[in-house]
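*Asks:* Okay, so here is model.cif, and as you'll see once you scroll down, it has mmCIF, C-alpha atoms.
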data_model
#
loop_
_atom_site.label_atom_id
_atom_site.label_comp_id
_atom_site.auth_asym_id
_atom_site.auth_seq_id
_atom_site.Cartn_x
_atom_site.Cartn_y
_atom_site.Cartn_z
CA MET B 155 29.86 -29.93 -86.99
CA GLY B 156 30.82 -27.47 -84.26
CA GLY B 157 28.83 -24.71 -85.94
CA LEU B 158 25.74 -26.92 -86.17
CA THR B 159 26.05 -27.86 -82.49
CA ARG B 160 26.25 -24.20 -81.47
CA LEU B 161 23.20 -23.41 -83.63
CA LEU B 162 21.20 -26.24 -82.05
CA LYS B 163 22.16 -25.09 -78.57
CA LYS B 164 21.10 -21.54 -79.43
CA ILE B 165 17.72 -22.75 -80.77
CA ILE B 166 17.11 -24.95 -77.71
CA LYS B 167 18.07 -22.14 -75.35
CA ARG B 168 15.79 -19.68 -77.16
CA PHE B 169 12.88 -22.15 -76.95
CA TYR B 170 13.58 -22.71 -73.26
CA VAL B 171 13.59 -18.96 -72.55
CA ARG B 172 10.26 -18.53 -74.38
CA VAL B 173 8.64 -21.34 -72.39
CA TYR B 174 10.25 -20.14 -69.18
CA LEU B 175 9.00 -16.58 -69.60
CA PHE B 176 5.53 -17.79 -70.61
CA PHE B 177 5.13 -19.82 -67.42
CA VAL B 178 6.80 -17.20 -65.22
CA LEU B 179 4.42 -14.51 -66.42
CA LYS B 180 1.41 -16.83 -66.22
CA THR B 181 2.21 -17.82 -62.66
CA LEU B 182 3.44 -14.41 -61.54
CA ARG B 183 1.88 -13.62 -58.19
CA ILE B 184 3.81 -10.40 -57.91
CA LYS B 185 2.13 -7.08 -58.55
CA VAL B 186 4.22 -4.06 -59.45
CA ARG B 187 2.96 -0.61 -58.55
CA ILE B 188 4.29 2.88 -59.21
CA ALA B 189 4.79 4.57 -55.86
CA THR B 190 2.64 7.69 -55.87
CA THR B 191 1.23 7.89 -52.34
CA PRO B 192 3.22 8.67 -49.16
CA SER B 193 2.54 5.11 -47.98
CA GLN B 194 3.91 3.55 -51.18
CA LEU B 195 6.97 5.80 -51.20
CA ASN B 196 7.56 4.86 -47.57
CA ASP B 197 7.40 1.18 -48.60
CA ALA B 198 9.94 1.81 -51.37
CA PHE B 199 12.45 3.75 -49.27
CA SER B 200 12.03 1.48 -46.25
CA LEU B 201 12.61 -1.69 -48.29
CA ARG B 202 15.58 -0.10 -50.04
CA TYR B 203 17.04 0.76 -46.63
CA GLU B 204 16.55 -2.81 -45.35
CA ILE B 205 18.13 -4.43 -48.41
CA TYR B 206 21.14 -2.11 -48.55
CA LEU B 207 21.64 -2.36 -44.80
CA ASP B 208 21.43 -6.17 -44.95
CA SER B 209 24.08 -6.12 -47.69
CA GLY B 210 26.33 -3.90 -45.58
CA TYR B 211 26.41 -1.03 -48.08
CA ILE B 212 25.07 1.72 -45.82
CA ASP B 213 25.59 2.88 -42.24
CA PRO B 214 22.37 2.98 -40.18
CA LYS B 215 23.67 6.12 -38.45
CA ASP B 216 23.21 7.96 -41.75
CA PHE B 217 19.51 7.04 -41.90
CA PRO B 218 17.89 7.66 -38.51
CA ASP B 219 14.40 7.43 -40.05
CA GLN B 220 15.33 4.07 -41.68
CA LEU B 221 14.39 5.39 -45.12
CA PHE B 222 16.98 5.27 -47.90
CA GLU B 223 16.25 8.08 -50.35
CA ASP B 224 18.43 10.58 -52.16
CA LYS B 225 18.32 13.68 -54.35
CA TYR B 226 17.32 11.66 -57.42
CA ASP B 227 14.09 10.28 -56.01
CA LYS B 228 12.14 13.48 -56.58
CA HIS B 229 13.08 13.14 -60.27
CA SER B 230 12.25 9.42 -60.44
CA ILE B 231 9.49 6.93 -61.10
CA ASN B 232 9.72 4.42 -58.26
CA PHE B 233 8.34 0.92 -58.83
CA ILE B 234 7.53 -1.52 -56.01
CA ALA B 235 6.92 -5.24 -56.36
CA TYR B 236 4.39 -6.63 -53.90
CA ARG B 237 3.58 -10.21 -53.03
CA LYS B 238 0.53 -10.66 -50.81
CA LYS B 239 0.69 -6.95 -49.97
CA GLU B 240 4.28 -7.32 -48.80
CA PRO B 241 6.88 -5.17 -50.63
CA ILE B 242 9.63 -7.47 -51.91
CA GLY B 243 11.50 -5.50 -54.56
CA ILE B 244 12.11 -2.04 -55.92
CA VAL B 245 13.58 -0.24 -58.89
CA ARG B 246 13.39 3.33 -60.09
CA LEU B 247 13.74 5.15 -63.38
CA VAL B 248 15.68 8.37 -62.88
CA LEU B 249 14.45 10.99 -65.32
CA PRO B 250 16.54 13.73 -66.96
CA SER B 251 16.84 16.74 -64.65
CA GLU B 252 19.27 19.32 -63.35
CA ALA B 253 20.42 16.69 -60.83
CA GLY B 254 21.86 14.56 -63.63
CA PHE B 255 22.02 10.77 -63.42
CA PRO B 256 23.47 8.66 -60.58
CA ILE B 257 25.77 6.90 -63.07
CA GLU B 258 27.55 10.22 -63.58
CA GLU B 259 28.03 10.58 -59.83
CA TYR B 260 29.80 7.21 -59.47
CA TYR B 261 31.57 6.85 -62.83
CA ASN B 262 33.61 9.13 -65.04
CA VAL B 263 31.61 8.52 -68.22
CA MET B 264 30.32 10.57 -71.12
CA LEU B 265 26.64 9.83 -71.73
CA PRO B 266 25.81 10.04 -75.46
CA PHE B 267 22.10 10.71 -74.88
CA LYS B 268 20.29 12.67 -72.18
CA ASP B 269 16.86 14.06 -73.09
CA ASP B 270 15.30 10.76 -74.20
CA ALA B 271 17.15 8.58 -71.68
CA VAL B 272 16.51 7.39 -68.14
CA GLU B 273 18.62 5.51 -65.64
CA VAL B 274 17.46 2.18 -64.25
CA SER B 275 18.57 2.56 -60.67
CA ARG B 276 18.46 0.93 -57.22
CA LEU B 277 17.19 -2.42 -58.49
CA ALA B 278 16.98 -4.50 -55.33
CA VAL B 279 15.03 -7.56 -54.21
CA ASP B 280 14.42 -8.93 -50.74
CA ARG B 281 16.83 -11.77 -49.95
CA ASP B 282 13.98 -14.30 -49.61
CA TYR B 283 12.94 -13.73 -53.24
CA ARG B 284 16.26 -13.50 -55.04
CA GLY B 285 16.34 -17.19 -55.90
CA ASP B 286 12.69 -17.37 -56.90
CA LYS B 287 13.49 -17.88 -60.60
CA ARG B 288 14.13 -14.16 -60.95
CA ARG B 289 10.38 -13.54 -60.87
CA ALA B 290 10.68 -10.31 -58.88
CA VAL B 291 13.47 -8.94 -61.11
CA ILE B 292 11.53 -9.83 -64.27
CA ALA B 293 8.37 -8.22 -62.90
CA LEU B 294 10.20 -4.99 -62.02
CA MET B 295 12.15 -4.73 -65.26
CA ARG B 296 9.01 -5.54 -67.24
CA ALA B 297 7.18 -2.65 -65.57
CA ALA B 298 10.11 -0.31 -66.24
CA TYR B 299 10.21 -1.41 -69.89
CA TYR B 300 6.52 -0.80 -70.56
CA TRP B 301 6.63 2.57 -68.80
CA SER B 302 9.60 3.50 -70.99
CA ARG B 303 7.81 2.45 -74.16
CA LYS B 304 4.68 4.40 -73.20
CA ASN B 305 6.70 7.52 -72.43
CA ASN B 306 8.98 7.51 -75.48
CA VAL B 307 12.20 6.66 -73.65
CA SER B 308 14.87 5.62 -76.14
CA TYR B 309 17.79 4.66 -73.90
CA TRP B 310 18.48 3.17 -70.50
CA TYR B 311 21.60 3.70 -68.45
CA MET B 312 22.39 1.32 -65.62
CA PHE B 313 25.37 0.24 -63.53
CA MET B 314 25.38 -3.35 -62.32
CA PRO B 315 27.55 -6.46 -61.97
CA GLU B 316 28.68 -7.85 -65.33
CA LYS B 317 27.05 -11.20 -64.49
CA LEU B 318 23.64 -9.53 -64.21
CA ALA B 319 24.15 -7.58 -67.44
CA ARG B 320 24.99 -10.77 -69.32
CA SER B 321 22.02 -12.61 -67.80
CA PHE B 322 19.70 -10.04 -69.35
CA GLU B 323 20.95 -11.15 -72.77
CA ASP B 324 18.98 -14.37 -72.28
CA LEU B 325 15.89 -12.13 -72.19
CA ALA B 326 16.81 -10.34 -75.44
CA ALA B 327 18.21 -7.30 -73.60
CA LYS B 328 21.66 -6.27 -74.80
CA PHE B 329 23.47 -3.88 -72.47
CA TYR B 330 26.49 -2.15 -73.99
CA ASP B 331 29.55 -1.18 -71.96
CA LEU B 332 30.09 2.55 -71.52
CA ALA B 333 33.66 3.77 -71.89
CA GLN B 334 35.13 4.91 -68.60
CA LYS B 335 37.86 7.34 -67.67
CA PRO B 336 39.77 7.21 -64.37
CA LEU B 337 37.65 8.27 -61.42
CA GLY B 338 37.79 11.88 -60.33
CA GLU B 339 37.81 12.89 -56.67
CA GLU B 340 34.07 13.58 -56.73
CA GLN B 341 33.27 10.08 -57.99
CA ALA B 342 35.65 8.49 -55.48
CA GLU B 343 34.00 10.44 -52.66
CA ALA B 344 30.51 9.46 -53.81
CA ARG B 345 31.48 5.79 -53.82
CA ARG B 346 32.52 5.98 -50.19
CA SER B 347 28.86 6.52 -49.27
CA LEU B 348 28.07 2.97 -50.50
CA LYS B 349 30.47 1.00 -48.33
CA GLY B 350 32.08 -1.83 -50.27
CA TYR B 351 29.39 -1.90 -52.96
CA PHE B 352 31.66 -1.28 -55.93
CA LYS B 353 34.44 -3.52 -54.63
CA LYS B 354 32.06 -6.40 -53.92
CA THR B 355 29.86 -6.22 -57.02
CA LYS B 356 32.46 -4.88 -59.50
CA ALA B 357 29.53 -3.03 -61.07
CA LYS B 358 30.12 -1.44 -64.47
CA PRO B 359 28.21 1.24 -66.41
CA TYR B 360 26.01 0.15 -69.32
CA MET B 361 23.58 1.49 -71.90
CA LEU B 362 20.59 -0.20 -73.55
CA ASN B 363 18.68 0.86 -76.65
CA VAL B 364 14.97 0.40 -75.83
CA GLU B 365 13.88 0.20 -79.49
CA GLU B 366 16.56 -2.39 -80.17
CA LEU B 367 15.25 -4.42 -77.23
CA THR B 368 11.73 -4.24 -78.65
CA GLN B 369 12.88 -5.37 -82.09
CA GLU B 370 14.96 -8.19 -80.60
CA MET B 371 11.99 -9.44 -78.56
CA HIS B 372 9.88 -9.55 -81.74
CA ARG B 373 12.64 -11.27 -83.70
CA LEU B 374 13.21 -13.95 -81.08
CA LYS B 375 9.56 -14.11 -80.02
CA ILE B 376 10.67 -13.54 -76.45
CA TYR B 377 8.25 -11.19 -74.70
CA TRP B 378 8.41 -9.74 -71.21
#
Output the structure of this file as structure tokens.

*Replies:*
Amino acid sequence: MGGLTRLLKKIIKRFYVRVYLFFVLKTLRIKVRIATTPSQLNDAFSLRYEIYLDSGYIDPKDFPDQLFEDKYDKHSINFIAYRKKEPIGIVRLVLPSEAGFPIEEYYNVMLPFKDDAVEVSRLAVDRDYRGDKRRAVIALMRAAYYWSRKNNVSYWYMFMPEKLARSFEDLAAKFYDLAQKPLGEEQAEARRSLKGYFKKTKAKPYMLNVEELTQEMHRLKIYW
């Protein structure tokens, strides 16, 4: 009986997610753009600064121009979510380069794939839109997914709170834990630049197989 109950719950939850995503995407009044112009990049870095400052993760003294950018941005595809021309969320895909991936800067991990992988990085949404049924997060991750498919990306790396990683499973996205070794001095020093972020969020490093995500969406009929 217990097995049947679990199966029914799984079926009901899957149906709910399908309906939920259908209505979210139909009523989505958020437009996601790839930042290519100086104005759009300014929107992305300015919003990132505001969100990280509001969360207490950065010191304003380190960003006199109030733009939060780093060495990875010139090797990244930056996405911005707009609502009524107002930027409300950002995420970037860090591409393979000589700079490496941010996840390697903050964690002592061995990445199994490099050339056909990207890192989903700096996912952040304005406080006023975080409770809006995850619409902004879904819109941003959806844009990142379709860009990845179009550009033959096979793997995503991402560090995030475990709660967020598990929530993506409801959307057919399975993030796998990456094995970690004790932090080296370089990683510990890098973490100090994001004040309290790792202690507060308990973020962990993960990997996702993009093709597996695509197959799972087809199997469950859950589409972003």

*Asks:* Selected by the PyMOL selection byres ((chain B and resi 251) around 12) in the shown coordinates: which residues, as an MDAnalysis selection string?

*Replies:* chainID B and resid 225:230 248:250 252:256 268:273

*Asks:* So that I can check the surroundings of B:Gln194, please list as a ChimeraX atom specification every protein, DNA and RNA residue that reaches within 12 Å of it, counting all atoms listed in the file and ignoring chain neighbours fewer than 5 positions away.

*Replies:* /B:186-189,199-201,231-236,239-241,244

*Asks:* Rank B:Tyr309, B:Val291, B:Asp213, B:Glu339 by their smallest atom-to-atom distance to B:Phe322, using all atoms listed in the file, and report the top residue only.

*Replies:*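 Checking each candidate against B:Phe322, we get B:Val291 as the closest.
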
*Asks:* To verify the selection step, state as JSON, numbers by chain which residues the PyMOL selection byres ((chain B and resi 358) around 12) yields on this input.

*Replies:* {"B": [257, 258, 260, 261, 262, 263, 311, 312, 313, 314, 315, 316, 317, 318, 319, 320, 329, 330, 331, 332, 333, 334, 351, 352, 353, 354, 355, 356, 357, 359, 360, 361]}

*Asks:* If you apply the PyMOL selection byres ((chain B and resi 298) around 9) to this file, what residues do you get, as a VMD selection string?

*Replies:* chain B and resid 231 233 245 to 247 274 293 to 297 299 to 303

*Asks:* Can you tell me how far atom CA of B:Phe267 sits from atom CA of B:Leu367, in Å to one decimal?

*Replies:*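 Separation between atom CA of B:Phe267 and atom CA of B:Leu367: 16.8 Å.
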
*Asks:* Between atom CA of B:Tyr203 and atom CA of B:Glu340, what distance in Å does the model show, to one decimal?

*Replies:*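 Separation of atom CA of B:Tyr203 and atom CA of B:Glu340: 23.6 Å.
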
*Asks:* Restricting the calculation to all atoms listed in the file: of B:Lys375, B:Arg284, B:Lys328, B:Arg202, which residue gets closest to B:Leu175?

*Replies:*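 Among B:Lys375, B:Arg284, B:Lys328, B:Arg202, it is B:Lys375 that comes nearest to B:Leu175.
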
*Asks:* In terms of the shortest atom-to-atom distance over all atoms listed in the file, which of B:Val307, B:Ala342, B:Leu195, B:Ala327 is closest to B:Glu366?

*Replies:* B:Ala327

*Asks:* Quick one: distance from atom CA of B:Trp310 to atom CA of B:Leu362 in Å, one decimal?

*Replies:* 5.0 Å

*Asks:* Given the point (8.6, 0.7, -79.8) in the file's coordinates, find the residues that have an atom at most 9 Å from it, counting all atoms listed in the file, and give them as a PDB file with C-alpha atoms, keeping the file's coordinate frame.

*Replies:*
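Okay, this is what ended up in result_29.pdb:
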ATOM      1  CA  ARG B 303       7.810   2.450 -74.160  1.00  0.00           C
ATOM      2  CA  LYS B 304       4.680   4.400 -73.200  1.00  0.00           C
ATOM      3  CA  ASN B 306       8.980   7.510 -75.480  1.00  0.00           C
ATOM      4  CA  SER B 308      14.870   5.620 -76.140  1.00  0.00           C
ATOM      5  CA  VAL B 364      14.970   0.400 -75.830  1.00  0.00           C
ATOM      6  CA  GLU B 365      13.880   0.200 -79.490  1.00  0.00           C
ATOM      7  CA  GLU B 366      16.560  -2.390 -80.170  1.00  0.00           C
ATOM      8  CA  LEU B 367      15.250  -4.420 -77.230  1.00  0.00           C
ATOM      9  CA  THR B 368      11.730  -4.240 -78.650  1.00  0.00           C
ATOM     10  CA  GLN B 369      12.880  -5.370 -82.090  1.00  0.00           C
TER      11      GLN B 369
END

*Asks:* With distances taken over only C-alpha atoms, which residue among B:Asn305, B:Val173, B:Leu182, B:Leu207 lies nearest B:Gly350?

*Replies:* B:Leu207

*Asks:* Kindly indicate which residue among B:Met264, B:Arg172, B:Ser193, B:Lys238 lies nearest to B:Met371, using only C-alpha atoms for the distances.

*Replies:*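 For B:Met371, the nearest of the candidates is B:Arg172.
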